[in-house]
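Here is the structure we will look at, set down as structure tokens.
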Amino acid sequence: MEKRDDNKALIAHLSMFGACAGWGLMAPISKDAMTHGFDGLTLVTFRVVGACLLFWIASLFAKKEHVPRHDKLMFIGAALFGLICNQCCYTMGLSITSPINASIVTTSMPIFAMLLSALILKEPITGKKAIGVLMGCSGALILILTSAAHASAKVGDIRGDLLCLFAQFSFALYLSLFNPLIRRYSVFTTNKYMFSWGTLMLLPFTLTHVEEVLSNPIPAKTWWEVAYVVCIGTFLCYILTMVGQRTLRPTVVSVYNYVQPVVSVGATLLMGLGILKPTHALAVVLVFSGVWLVTKSKSRRDMESEKQ
């Protein structure tokens, strides 16, 4: 029995590492695709529509779940904040800033989640959380000011950094508002409806643009990169995360968030798509430390348990 639990834990850890490494590689791969034939709007359309098809196919082999009409309509809001605003802003931001900046900004999501949880879910803000937010904001500010000074695709662009930052805010808002909804159903059911609504919201505005982009010759390498973004970076990574979250504690899962920028920065430098400056290193230390403090601080449930 103990050996089985150890194997289950090992599979969960490997799944989380694989998911975060896959997301880390997605930033430089997406950036390269958007410099060789695709643009931000076309890539996000392929990502949403492609993942929608894959999750519908996968749901045919998964356990069937009854979803009331009210919840089906609730998935519209979840798709708006968790997919459309999040993925559109991130992909458009990545298209004009460096993958290094985009990956560093991605780690700020737990900080936004903490602030929104305090406002919406009435989670307490402890001293440790406050210090963590201050450090994380300082790191993001350093990153944005560096981008404003250079405005280079390899160093960063303030417009892209702000779009990526808003993408994290949007996803944190989605988690705070729709957490009970997404916990109610399996990853296949949740994403099937979210990506379906996302496709319906996105296609009317992007279809004509996508057709114009695809009318031009697209290199084979770019198509492979787009396939990675859809099949690995979106579909497979979501499933791996589900496997990890079923076994590991939320605090352990959050630690794997640090894998993304490490993989992304390494791949970006190897691909020659970015330049690592001393200010980047300082921003990484501040953001990582801030997120660590926020995730390690006590939640309302922890405090209530201690009182009891």
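Please note that chains go A, B, ... in the order of the structure tokens, that every chain numbers its residues from 1, and that ligands are numbered from 1 in the order shown.
The neighbours of Cys164 of chain A here are the residues that come within 6 Å of it, using only C-alpha atoms and leaving out any residue fewer than 4 positions away in the same chain; they are A:Cys89, A:Tyr90, A:Gly93.
One distance worth recording is that between atom CA of Leu25 of chain A and atom CA of Asn101 of chain A, which is 13.7 Å.
The shortest atom-to-atom distance to Ala12 of chain A, with only C-alpha atoms taken into account, belongs to A:Gly244 out of A:Gly266, A:Pro278, A:Gly40, A:Gly244.
Of the listed residues (A:Trp23, A:Phe195, A:Phe46, A:Phe17), A:Trp23 comes nearest to Val265 of chain A; the distances count only C-alpha atoms.
In terms of minimum interatomic distance to Leu163 of chain A, A:Thr106 ranks closest within A:Thr106, A:Thr206, A:Ser15, A:Thr199, counting only C-alpha atoms.
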The residue from A:Val105, A:Ser196, A:Gly233, A:Ile96 with the smallest atom-to-atom distance to Met34 of chain A, counting only C-alpha atoms, is A:Ile96
Sorted by chain and rising residue number, list the residues of segment 174-221 of chain A at most 9 Å from segment 68-81 of chain A (counting only C-alpha atoms), each with its closest atom pair and distance in Å to one decimal, as CSV.
```
residue,atom,partner,partner_atom,distance
A:Tyr174,CA,A:Phe81,CA,5.3
A:Leu175,CA,A:Ala78,CA,8.5
A:Leu177,CA,A:Ala78,CA,8.2
A:Phe178,CA,A:Ala78,CA,6.3
A:Leu181,CA,A:Asp71,CA,7.4
A:Ile182,CA,A:Ala78,CA,8.7
A:Thr190,CA,A:Phe75,CA,8.0
A:Asn191,CA,A:Ala79,CA,8.9
A:Tyr193,CA,A:Phe75,CA,6.4
A:Met194,CA,A:Ala79,CA,4.8
A:Phe195,CA,A:Ala79,CA,6.7
A:Ser196,CA,A:Ala79,CA,8.4
A:Trp197,CA,A:Ile76,CA,5.8
A:Gly198,CA,A:Ala79,CA,5.4
A:Met201,CA,A:Leu80,CA,8.2
```
Take the residues that were just selected and, keeping N, CA, C and O atoms, output them as a PDB file, in the first residue's frame.
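The result, written out as result-v4.pdb:
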```pdb
ATOM      1  N   TYR A 174     -10.882  35.002 -12.738  1.00  0.00           N
ATOM      2  CA  TYR A 174     -11.619  33.782 -13.118  1.00  0.00           C
ATOM      3  C   TYR A 174     -11.587  32.752 -11.984  1.00  0.00           C
ATOM      4  O   TYR A 174     -12.611  32.164 -11.638  1.00  0.00           O
ATOM      5  N   LEU A 175     -10.418  32.556 -11.362  1.00  0.00           N
ATOM      6  CA  LEU A 175     -10.299  31.594 -10.267  1.00  0.00           C
ATOM      7  C   LEU A 175     -11.122  32.019  -9.049  1.00  0.00           C
ATOM      8  O   LEU A 175     -11.747  31.195  -8.382  1.00  0.00           O
ATOM      9  N   LEU A 177     -13.845  34.094  -8.991  1.00  0.00           N
ATOM     10  CA  LEU A 177     -15.283  34.148  -9.246  1.00  0.00           C
ATOM     11  C   LEU A 177     -15.896  32.778  -9.552  1.00  0.00           C
ATOM     12  O   LEU A 177     -17.039  32.513  -9.200  1.00  0.00           O
ATOM     13  N   PHE A 178     -15.114  31.916 -10.212  1.00  0.00           N
ATOM     14  CA  PHE A 178     -15.695  30.665 -10.712  1.00  0.00           C
ATOM     15  C   PHE A 178     -15.059  29.416 -10.091  1.00  0.00           C
ATOM     16  O   PHE A 178     -15.216  28.316 -10.633  1.00  0.00           O
ATOM     17  N   LEU A 181     -17.477  26.565  -9.436  1.00  0.00           N
ATOM     18  CA  LEU A 181     -17.946  25.969 -10.692  1.00  0.00           C
ATOM     19  C   LEU A 181     -16.917  25.002 -11.271  1.00  0.00           C
ATOM     20  O   LEU A 181     -17.259  23.862 -11.641  1.00  0.00           O
ATOM     21  N   ILE A 182     -15.650  25.426 -11.327  1.00  0.00           N
ATOM     22  CA  ILE A 182     -14.632  24.579 -11.961  1.00  0.00           C
ATOM     23  C   ILE A 182     -14.272  23.379 -11.087  1.00  0.00           C
ATOM     24  O   ILE A 182     -13.782  22.370 -11.588  1.00  0.00           O
ATOM     25  N   THR A 190     -15.268  20.721 -17.763  1.00  0.00           N
ATOM     26  CA  THR A 190     -15.020  22.154 -17.583  1.00  0.00           C
ATOM     27  C   THR A 190     -14.459  22.785 -18.841  1.00  0.00           C
ATOM     28  O   THR A 190     -14.969  23.797 -19.341  1.00  0.00           O
ATOM     29  N   ASN A 191     -13.391  22.189 -19.376  1.00  0.00           N
ATOM     30  CA  ASN A 191     -12.727  22.786 -20.537  1.00  0.00           C
ATOM     31  C   ASN A 191     -13.518  22.607 -21.818  1.00  0.00           C
ATOM     32  O   ASN A 191     -13.424  23.440 -22.725  1.00  0.00           O
ATOM     33  N   TYR A 193     -16.766  22.935 -22.129  1.00  0.00           N
ATOM     34  CA  TYR A 193     -17.720  24.055 -22.185  1.00  0.00           C
ATOM     35  C   TYR A 193     -17.011  25.406 -22.265  1.00  0.00           C
ATOM     36  O   TYR A 193     -17.438  26.294 -23.012  1.00  0.00           O
ATOM     37  N   MET A 194     -15.919  25.548 -21.516  1.00  0.00           N
ATOM     38  CA  MET A 194     -15.201  26.824 -21.556  1.00  0.00           C
ATOM     39  C   MET A 194     -14.653  27.120 -22.945  1.00  0.00           C
ATOM     40  O   MET A 194     -14.809  28.222 -23.481  1.00  0.00           O
ATOM     41  N   PHE A 195     -13.992  26.124 -23.553  1.00  0.00           N
ATOM     42  CA  PHE A 195     -13.405  26.348 -24.878  1.00  0.00           C
ATOM     43  C   PHE A 195     -14.483  26.457 -25.954  1.00  0.00           C
ATOM     44  O   PHE A 195     -14.272  27.122 -26.972  1.00  0.00           O
ATOM     45  N   SER A 196     -15.647  25.828 -25.731  1.00  0.00           N
ATOM     46  CA  SER A 196     -16.752  25.971 -26.692  1.00  0.00           C
ATOM     47  C   SER A 196     -17.274  27.407 -26.695  1.00  0.00           C
ATOM     48  O   SER A 196     -17.450  28.016 -27.757  1.00  0.00           O
ATOM     49  N   TRP A 197     -17.536  27.950 -25.494  1.00  0.00           N
ATOM     50  CA  TRP A 197     -17.986  29.336 -25.397  1.00  0.00           C
ATOM     51  C   TRP A 197     -16.902  30.286 -25.904  1.00  0.00           C
ATOM     52  O   TRP A 197     -17.203  31.290 -26.565  1.00  0.00           O
ATOM     53  N   GLY A 198     -15.648  29.966 -25.579  1.00  0.00           N
ATOM     54  CA  GLY A 198     -14.537  30.802 -26.046  1.00  0.00           C
ATOM     55  C   GLY A 198     -14.472  30.848 -27.560  1.00  0.00           C
ATOM     56  O   GLY A 198     -14.254  31.915 -28.159  1.00  0.00           O
ATOM     57  N   MET A 201     -17.262  33.044 -28.923  1.00  0.00           N
ATOM     58  CA  MET A 201     -17.008  34.479 -28.697  1.00  0.00           C
ATOM     59  C   MET A 201     -15.898  35.018 -29.588  1.00  0.00           C
ATOM     60  O   MET A 201     -15.915  36.186 -29.991  1.00  0.00           O
TER      61      MET A 201
END
```
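Considering only C-alpha atoms, the residue among A:Val44, A:Arg183, A:Phe55, A:Val262 positioned nearest to Tyr238 of chain A is A:Phe55.
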Which residues come within 12 Å of Trp223 of chain A, counting only C-alpha atoms, excluding same-chain residues fewer than 2 positions away, as a list of chain:residue names?
A:Ile29, A:Ser30, A:Asp32, A:Ala33, A:Met34, A:His36, A:Gly37, A:Phe38, A:Leu43, A:Phe46, A:Leu214, A:Pro217, A:Ile218, A:Pro219, A:Ala220, A:Lys221, A:Glu225, A:Val226, A:Ala227, A:Tyr228, A:Val229, A:Val230, A:Cys231
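Between Met26 of chain A and the candidates A:Leu240, A:Leu270, A:Ala102, A:Ile84, the tightest atom-to-atom separation, counting only C-alpha atoms, involves A:Ala102.
In this model, the gap between atom CA of Leu269 of chain A and atom CA of Asn86 of chain A comes to 25.3 Å.
From atom CA of Ile131 of chain A back to atom CA of Val285 of chain A, the distance works out to 13.8 Å.
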